[in-house]
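Asker: Structure: my_file08.tsv, TSV, C-alpha atoms.
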chain	number	residue	atom	x	y	z
A	1	MET	CA	-53.20	-32.55	-28.74
A	2	VAL	CA	-52.39	-35.28	-31.24
A	3	ASP	CA	-48.82	-33.99	-31.40
A	4	GLU	CA	-48.55	-34.26	-27.60
A	5	VAL	CA	-49.62	-37.91	-27.68
A	6	LEU	CA	-47.13	-38.66	-30.46
A	7	ALA	CA	-44.34	-36.77	-28.66
A	8	ASP	CA	-44.98	-38.69	-25.43
A	9	MET	CA	-44.99	-41.99	-27.32
A	10	LYS	CA	-41.69	-41.12	-29.06
A	11	LYS	CA	-40.12	-40.15	-25.73
A	12	GLU	CA	-41.15	-43.49	-24.19
A	13	MET	CA	-39.90	-45.39	-27.24
A	14	ASP	CA	-36.57	-43.52	-27.07
A	15	GLN	CA	-36.22	-44.60	-23.44
A	16	THR	CA	-36.99	-48.20	-24.41
A	17	VAL	CA	-34.34	-48.17	-27.15
A	18	ALA	CA	-31.81	-46.64	-24.72
A	19	SER	CA	-32.57	-49.38	-22.18
A	20	PHE	CA	-32.10	-52.02	-24.88
A	21	ARG	CA	-28.74	-50.47	-25.79
A	22	LYS	CA	-27.65	-50.68	-22.12
A	23	GLU	CA	-28.83	-54.27	-21.88
A	24	LEU	CA	-26.84	-55.20	-24.98
A	25	ALA	CA	-23.73	-53.53	-23.57
A	26	ARG	CA	-24.00	-55.72	-20.48
A	27	THR	CA	-24.21	-58.88	-22.56
A	28	ARG	CA	-20.86	-60.57	-22.67
A	29	THR	CA	-19.19	-61.20	-25.99
A	30	GLY	CA	-15.71	-62.47	-26.72
A	31	ARG	CA	-14.44	-58.90	-26.51
A	32	ALA	CA	-13.60	-56.98	-23.33
A	33	SER	CA	-15.93	-54.08	-22.58
A	34	PRO	CA	-16.06	-52.00	-19.38
A	35	ALA	CA	-19.86	-52.16	-19.67
A	36	LEU	CA	-19.65	-55.82	-18.58
A	37	LEU	CA	-18.94	-54.68	-15.03
A	38	GLU	CA	-21.21	-51.62	-14.93
A	39	GLY	CA	-24.10	-53.27	-13.12
A	40	LEU	CA	-21.89	-54.88	-10.47
A	41	THR	CA	-22.27	-53.81	-6.83
A	42	VAL	CA	-19.55	-54.25	-4.24
A	43	GLU	CA	-19.85	-54.64	-0.47
A	44	TYR	CA	-17.82	-51.59	0.62
A	45	TYR	CA	-17.67	-50.76	4.34
A	46	GLY	CA	-20.97	-52.55	4.86
A	47	THR	CA	-22.76	-50.76	2.02
A	48	LYS	CA	-23.66	-52.03	-1.44
A	49	THR	CA	-21.86	-49.63	-3.77
A	50	PRO	CA	-21.75	-49.64	-7.59
A	51	LEU	CA	-18.33	-50.71	-8.86
A	52	ILE	CA	-18.06	-47.68	-11.14
A	53	GLN	CA	-18.06	-45.46	-8.01
A	54	LEU	CA	-15.17	-47.41	-6.47
A	55	ALA	CA	-12.83	-47.97	-9.41
A	56	GLY	CA	-11.81	-47.01	-12.90
A	57	ILE	CA	-12.55	-49.71	-15.46
A	58	SER	CA	-10.70	-49.91	-18.77
A	59	ALA	CA	-10.12	-52.34	-21.62
A	60	PRO	CA	-6.49	-51.84	-22.72
A	61	GLU	CA	-6.59	-54.98	-24.86
A	62	PRO	CA	-9.43	-56.77	-26.71
A	63	ARG	CA	-9.43	-59.64	-24.18
A	64	LEU	CA	-8.48	-57.86	-20.97
A	65	LEU	CA	-10.29	-55.61	-18.49
A	66	VAL	CA	-8.38	-53.64	-15.88
A	67	VAL	CA	-10.06	-52.47	-12.68
A	68	GLN	CA	-8.12	-49.83	-10.74
A	69	PRO	CA	-9.72	-49.01	-7.38
A	70	TYR	CA	-9.62	-45.44	-6.09
A	71	ASP	CA	-9.11	-46.90	-2.60
A	72	LYS	CA	-6.63	-49.81	-2.43
A	73	GLY	CA	-8.56	-51.17	0.58
A	74	ALA	CA	-11.49	-51.95	-1.69
A	75	LEU	CA	-9.44	-54.29	-3.92
A	76	GLY	CA	-10.41	-57.47	-2.03
A	77	SER	CA	-14.11	-56.55	-1.96
A	78	ILE	CA	-14.10	-55.79	-5.70
A	79	GLU	CA	-12.37	-59.10	-6.46
A	80	LYS	CA	-14.91	-60.97	-4.32
A	81	ALA	CA	-17.85	-59.24	-6.08
A	82	ILE	CA	-16.51	-60.15	-9.52
A	83	LEU	CA	-15.96	-63.78	-8.49
A	84	GLN	CA	-19.48	-64.02	-7.04
A	85	SER	CA	-21.13	-62.46	-10.10
A	86	ASP	CA	-22.67	-64.64	-12.80
A	87	LEU	CA	-20.21	-63.31	-15.40
A	88	GLY	CA	-17.90	-66.31	-15.13
A	89	LEU	CA	-14.80	-64.11	-14.89
A	90	THR	CA	-11.74	-64.70	-12.71
A	91	PRO	CA	-9.76	-61.58	-11.77
A	92	VAL	CA	-6.00	-61.62	-11.18
A	93	ASN	CA	-5.05	-59.46	-8.19
A	94	ASP	CA	-1.54	-57.95	-8.17
A	95	GLY	CA	-2.08	-55.85	-5.04
A	96	LYS	CA	-2.75	-52.60	-6.90
A	97	ILE	CA	-5.13	-53.45	-9.74
A	98	LEU	CA	-7.29	-56.31	-10.95
A	99	ARG	CA	-6.66	-57.76	-14.38
A	100	ILE	CA	-9.61	-59.69	-15.75
A	101	PRO	CA	-8.86	-61.85	-18.79
A	102	ILE	CA	-11.90	-62.43	-20.97
A	103	PRO	CA	-11.90	-66.07	-22.10
A	104	GLU	CA	-12.81	-67.14	-25.62
A	105	LEU	CA	-16.44	-68.12	-26.04
A	106	THR	CA	-17.25	-71.65	-27.14
A	107	GLU	CA	-19.53	-72.13	-30.14
A	108	GLU	CA	-22.28	-73.44	-27.86
A	109	ARG	CA	-21.97	-70.45	-25.53
A	110	ARG	CA	-22.14	-68.09	-28.53
A	111	ARG	CA	-25.39	-69.70	-29.68
A	112	ASP	CA	-26.80	-69.43	-26.14
A	113	LEU	CA	-25.88	-65.75	-26.04
A	114	VAL	CA	-27.51	-65.13	-29.42
A	115	ARG	CA	-30.70	-66.84	-28.20
A	116	HIS	CA	-30.60	-64.74	-25.02
A	117	VAL	CA	-30.10	-61.50	-26.98
A	118	ARG	CA	-32.98	-62.37	-29.32
A	119	ARG	CA	-35.24	-63.05	-26.33
A	120	VAL	CA	-34.28	-59.70	-24.79
A	121	ALA	CA	-34.88	-57.94	-28.12
A	122	GLU	CA	-38.36	-59.45	-28.34
A	123	GLU	CA	-39.16	-58.16	-24.83
A	124	PHE	CA	-38.15	-54.66	-25.92
A	125	ARG	CA	-40.18	-54.96	-29.16
A	126	ILE	CA	-43.19	-55.87	-27.02
A	127	SER	CA	-42.51	-52.78	-24.92
A	128	ILE	CA	-42.49	-50.63	-28.09
A	129	ARG	CA	-45.78	-52.20	-29.18
A	130	ASN	CA	-47.26	-51.47	-25.74
A	131	HIS	CA	-46.36	-47.81	-26.18
A	132	ARG	CA	-48.09	-47.92	-29.59
A	133	ARG	CA	-51.20	-49.47	-28.04
A	134	ASP	CA	-51.31	-46.83	-25.29
A	135	ALA	CA	-51.00	-44.00	-27.83
A	136	ILE	CA	-53.77	-45.42	-30.01
A	137	GLU	CA	-56.03	-45.84	-26.97
A	138	MET	CA	-55.45	-42.19	-26.05
A	139	LEU	CA	-56.23	-41.10	-29.61
A	140	ARG	CA	-59.36	-43.27	-29.66
A	141	GLU	CA	-60.47	-41.68	-26.39
A	142	MET	CA	-59.87	-38.21	-27.86
A	143	GLU	CA	-61.99	-39.15	-30.88
A	144	LYS	CA	-64.76	-40.47	-28.62
A	145	GLU	CA	-64.75	-37.22	-26.66
A	146	LYS	CA	-64.97	-35.32	-30.00
A	147	GLU	CA	-61.61	-33.62	-29.32
A	148	ILE	CA	-60.36	-34.79	-32.73
A	149	THR	CA	-62.14	-35.82	-35.92
A	150	GLU	CA	-62.26	-39.34	-37.31
A	151	ASP	CA	-59.91	-38.30	-40.13
A	152	ASP	CA	-57.44	-36.85	-37.62
A	153	PHE	CA	-57.61	-40.11	-35.67
A	154	HIS	CA	-56.78	-42.20	-38.75
A	155	ARG	CA	-53.94	-39.89	-39.80
A	156	ALA	CA	-52.52	-39.98	-36.27
A	157	GLN	CA	-52.90	-43.76	-36.14
A	158	GLU	CA	-50.87	-44.05	-39.36
A	159	ARG	CA	-48.16	-41.84	-37.84
A	160	VAL	CA	-48.13	-44.03	-34.72
A	161	GLU	CA	-47.74	-47.17	-36.86
A	162	GLU	CA	-44.96	-45.56	-38.90
A	163	THR	CA	-43.11	-44.50	-35.74
A	164	THR	CA	-43.53	-47.97	-34.26
A	165	ARG	CA	-42.00	-49.58	-37.37
A	166	GLU	CA	-39.10	-47.13	-37.18
A	167	TYR	CA	-38.32	-47.96	-33.53
A	168	ILE	CA	-38.69	-51.70	-34.00
A	169	GLY	CA	-36.31	-51.33	-36.97
A	170	ARG	CA	-33.78	-49.65	-34.65
A	171	ILE	CA	-34.01	-52.53	-32.19
A	172	ASP	CA	-33.61	-55.06	-35.02
A	173	LYS	CA	-30.57	-53.19	-36.34
A	174	MET	CA	-28.91	-53.17	-32.89
A	175	LEU	CA	-29.79	-56.86	-32.45
A	176	LYS	CA	-28.19	-57.76	-35.78
A	177	ALA	CA	-24.99	-55.87	-34.89
A	178	LYS	CA	-24.82	-57.58	-31.48
A	179	GLU	CA	-25.39	-61.03	-33.01
A	180	GLU	CA	-22.53	-60.41	-35.44
A	181	GLU	CA	-20.32	-59.29	-32.56
A	182	ILE	CA	-21.16	-62.40	-30.53
A	183	LEU	CA	-20.61	-64.79	-33.44
A	184	GLU	CA	-17.34	-63.11	-34.46
A	185	VAL	CA	-14.43	-65.46	-33.74
What do you get writing this file as structure tokens?
Answerer:
Amino acid sequence: MVDEVLADMKKEMDQTVASFRKELARTRTGRASPALLEGLTVEYYGTKTPLIQLAGISAPEPRLLVVQPYDKGALGSIEKAILQSDLGLTPVNDGKILRIPIPELTEERRRDLVRHVRRVAEEFRISIRNHRRDAIEMLREMEKEKEITEDDFHRAQERVEETTREYIGRIDKMLKAKEEEILEV
């Protein structure tokens, strides 16, 4: 039963780390990444449709994204969606594809992005700690119901703490790598 609680906690923590990884991928750096446009939705024949379903996105150069729609009729809608997004990007439409140059980041903008990424990382650390708290509460309840002994509870609690440190370490490691990427000139 203790193993089930720990397995559930690890699964939830894995999902949290995966969500953090996705969030970092969406954060703009000075380098072109197709992940920048992943969350974008486009008005396509009256329906909000994810951009990745309408076009192929690639980064042929470090400062250039290319969006190639599967349907040429969607080109205008895709361009409009990119312009209206909060990414601050301006696509160049040549009638067949969209080229999106990624501008250099100013020093001030880099610092803002680092602050933003740190704030996001703290939210995900809090999520990890919430999973820890939930697991400990379940273990405490099991001890109260005499399903596990006091010694088993303490051993399990130590394993929960150790796992929590490991997952927070993963988040910190990803944060450090992203900060370096943002600050890279």
Asker: Could you please give me, as a short mmCIF file (atom, residue, chain, number, x, y, z; two decimals) with C-alpha atoms, in the frame of the given file, the residues of protein, DNA or RNA lying at most 10 Å from (-43.0, -50.9, -28.7) in the coordinate frame of the file, considering only C-alpha atoms?
Answerer:
data_model
loop_
_atom_site.label_atom_id
_atom_site.label_comp_id
_atom_site.auth_asym_id
_atom_site.auth_seq_id
_atom_site.Cartn_x
_atom_site.Cartn_y
_atom_site.Cartn_z
CA MET A 9 -44.99 -41.99 -27.32
CA LYS A 10 -41.69 -41.12 -29.06
CA GLU A 12 -41.15 -43.49 -24.19
CA MET A 13 -39.90 -45.39 -27.24
CA ASP A 14 -36.57 -43.52 -27.07
CA THR A 16 -36.99 -48.20 -24.41
CA VAL A 17 -34.34 -48.17 -27.15
CA GLU A 122 -38.36 -59.45 -28.34
CA GLU A 123 -39.16 -58.16 -24.83
CA PHE A 124 -38.15 -54.66 -25.92
CA ARG A 125 -40.18 -54.96 -29.16
CA ILE A 126 -43.19 -55.87 -27.02
CA SER A 127 -42.51 -52.78 -24.92
CA ILE A 128 -42.49 -50.63 -28.09
CA ARG A 129 -45.78 -52.20 -29.18
CA ASN A 130 -47.26 -51.47 -25.74
CA HIS A 131 -46.36 -47.81 -26.18
CA ARG A 132 -48.09 -47.92 -29.59
CA ARG A 133 -51.20 -49.47 -28.04
CA ASP A 134 -51.31 -46.83 -25.29
CA THR A 163 -43.11 -44.50 -35.74
CA THR A 164 -43.53 -47.97 -34.26
CA ARG A 165 -42.00 -49.58 -37.37
CA TYR A 167 -38.32 -47.96 -33.53
CA ILE A 168 -38.69 -51.70 -34.00
CA ILE A 171 -34.01 -52.53 -32.19
#
Asker: At what distance in Å, to one decimal, does CA of Leu113 in chain A lie from CA of Ile182 in chain A?
Answerer: 7.3 Å
Asker: What does the distance between CA of Leu175 in chain A and CA of Ile57 in chain A come to in Å, to one decimal place?
Answerer: 25.2 Å
Asker: Smallest atom-to-atom distance to Glu23 in chain A: which of A:Ala177, A:Val120, A:Ala59, A:Met138, using all atoms listed in the file?
Answerer: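 Comparing A:Ala177, A:Val120, A:Ala59, A:Met138 against Glu23 in chain A, the winner is A:Val120.
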Asker: Quick one: of A:Gly169, A:Pro50, A:Gly76, A:Pro62, who's nearest to Asp94 in chain A, counting all atoms listed in the file?
Answerer: A:Gly76
Asker: As a PyMOL selection string, please: the residues near Leu54 in chain A (cut-off 10 Å, all atoms listed in the file, same-chain neighbours under 3 positions excluded).
Answerer: chain A and resi 41-42+44+49-51+57+67-72+74-75+78
Asker: Within 12 Å of Val2 in chain A, counting all atoms listed in the file, which residues qualify if same-chain residues fewer than 4 places away don't, as a ChimeraX atom specification?
Answerer: /A:6-9,135-143,147-149,152-157,159-160
Asker: Please determine, counting all atoms listed in the file, which residue among A:Thr47, A:Gln15, A:Thr29, A:Gln53 has the shortest atom-to-atom distance to Thr106 in chain A.
Answerer: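 The answer is A:Thr29, which sits nearest to Thr106 in chain A.
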Asker: When you count all atoms listed in the file, which of these residues is closest to Leu65 in chain A: A:Ile102, A:Glu43, A:Ser19, A:Thr27?
Answerer: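 Going through A:Ile102, A:Glu43, A:Ser19, A:Thr27 one by one, the smallest distance to Leu65 in chain A is for A:Ile102.
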Asker: Between A:Glu79, A:Asp3, A:Glu179, A:Glu145, which one has atoms that come closest to Asp112 in chain A, using only C-alpha atoms?
Answerer: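 Among the listed residues, A:Glu179 lies closest to Asp112 in chain A.
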Asker: Starting from the incomplete input, reconstruct N, CA and C atoms of range 107-132 of chain A and write that as a JSON list (two decimals), keeping the file's coordinate frame.
Answerer:
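The resulting rebuild15.json:
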[["chain", "number", "residue", "atom", "x", "y", "z"],
["A", 107, "GLU", "N", -18.47, -72.25, -29.14],
["A", 107, "GLU", "CA", -19.53, -72.13, -30.14],
["A", 107, "GLU", "C", -20.91, -72.28, -29.49],
["A", 108, "GLU", "N", -21.01, -73.22, -28.55],
["A", 108, "GLU", "CA", -22.28, -73.44, -27.86],
["A", 108, "GLU", "C", -22.68, -72.22, -27.03],
["A", 109, "ARG", "N", -21.69, -71.64, -26.35],
["A", 109, "ARG", "CA", -21.97, -70.45, -25.53],
["A", 109, "ARG", "C", -22.38, -69.27, -26.42],
["A", 110, "ARG", "N", -21.77, -69.15, -27.59],
["A", 110, "ARG", "CA", -22.14, -68.09, -28.53],
["A", 110, "ARG", "C", -23.60, -68.23, -28.96],
["A", 111, "ARG", "N", -23.99, -69.47, -29.27],
["A", 111, "ARG", "CA", -25.39, -69.70, -29.68],
["A", 111, "ARG", "C", -26.35, -69.36, -28.54],
["A", 112, "ASP", "N", -25.97, -69.75, -27.31],
["A", 112, "ASP", "CA", -26.80, -69.43, -26.14],
["A", 112, "ASP", "C", -26.95, -67.92, -25.98],
["A", 113, "LEU", "N", -25.84, -67.20, -26.16],
["A", 113, "LEU", "CA", -25.88, -65.75, -26.04],
["A", 113, "LEU", "C", -26.75, -65.12, -27.12],
["A", 114, "VAL", "N", -26.67, -65.66, -28.33],
["A", 114, "VAL", "CA", -27.51, -65.13, -29.42],
["A", 114, "VAL", "C", -28.99, -65.36, -29.09],
["A", 115, "ARG", "N", -29.31, -66.56, -28.59],
["A", 115, "ARG", "CA", -30.70, -66.84, -28.20],
["A", 115, "ARG", "C", -31.15, -65.87, -27.10],
["A", 116, "HIS", "N", -30.28, -65.66, -26.12],
["A", 116, "HIS", "CA", -30.60, -64.74, -25.02],
["A", 116, "HIS", "C", -30.85, -63.33, -25.56],
["A", 117, "VAL", "N", -29.98, -62.85, -26.43],
["A", 117, "VAL", "CA", -30.10, -61.50, -26.98],
["A", 117, "VAL", "C", -31.38, -61.37, -27.80],
["A", 118, "ARG", "N", -31.73, -62.40, -28.54],
["A", 118, "ARG", "CA", -32.98, -62.37, -29.32],
["A", 118, "ARG", "C", -34.20, -62.30, -28.40],
["A", 119, "ARG", "N", -34.13, -63.05, -27.30],
["A", 119, "ARG", "CA", -35.24, -63.05, -26.33],
["A", 119, "ARG", "C", -35.39, -61.64, -25.72],
["A", 120, "VAL", "N", -34.26, -61.05, -25.35],
["A", 120, "VAL", "CA", -34.28, -59.70, -24.79],
["A", 120, "VAL", "C", -34.84, -58.71, -25.82],
["A", 121, "ALA", "N", -34.40, -58.83, -27.06],
["A", 121, "ALA", "CA", -34.88, -57.94, -28.12],
["A", 121, "ALA", "C", -36.39, -58.05, -28.28],
["A", 122, "GLU", "N", -36.91, -59.27, -28.20],
["A", 122, "GLU", "CA", -38.36, -59.45, -28.34],
["A", 122, "GLU", "C", -39.09, -58.78, -27.18],
["A", 123, "GLU", "N", -38.53, -58.84, -25.97],
["A", 123, "GLU", "CA", -39.16, -58.16, -24.83],
["A", 123, "GLU", "C", -39.22, -56.65, -25.07],
["A", 124, "PHE", "N", -38.16, -56.10, -25.66],
["A", 124, "PHE", "CA", -38.15, -54.66, -25.92],
["A", 124, "PHE", "C", -39.07, -54.31, -27.09],
["A", 125, "ARG", "N", -39.21, -55.20, -28.08],
["A", 125, "ARG", "CA", -40.18, -54.96, -29.16],
["A", 125, "ARG", "C", -41.59, -54.92, -28.59],
["A", 126, "ILE", "N", -41.87, -55.83, -27.66],
["A", 126, "ILE", "CA", -43.19, -55.87, -27.02],
["A", 126, "ILE", "C", -43.43, -54.56, -26.28],
["A", 127, "SER", "N", -42.40, -54.05, -25.62],
["A", 127, "SER", "CA", -42.51, -52.78, -24.92],
["A", 127, "SER", "C", -42.86, -51.65, -25.90],
["A", 128, "ILE", "N", -42.20, -51.64, -27.06],
["A", 128, "ILE", "CA", -42.49, -50.63, -28.09],
["A", 128, "ILE", "C", -43.95, -50.76, -28.53],
["A", 129, "ARG", "N", -44.39, -51.99, -28.75],
["A", 129, "ARG", "CA", -45.78, -52.20, -29.18],
["A", 129, "ARG", "C", -46.77, -51.75, -28.11],
["A", 130, "ASN", "N", -46.39, -51.94, -26.84],
["A", 130, "ASN", "CA", -47.26, -51.47, -25.74],
["A", 130, "ASN", "C", -47.39, -49.95, -25.76],
["A", 131, "HIS", "N", -46.30, -49.27, -26.06],
["A", 131, "HIS", "CA", -46.36, -47.81, -26.18],
["A", 131, "HIS", "C", -47.29, -47.42, -27.34],
["A", 132, "ARG", "N", -47.21, -48.17, -28.44],
["A", 132, "ARG", "CA", -48.09, -47.92, -29.59],
["A", 132, "ARG", "C", -49.55, -48.09, -29.17]]
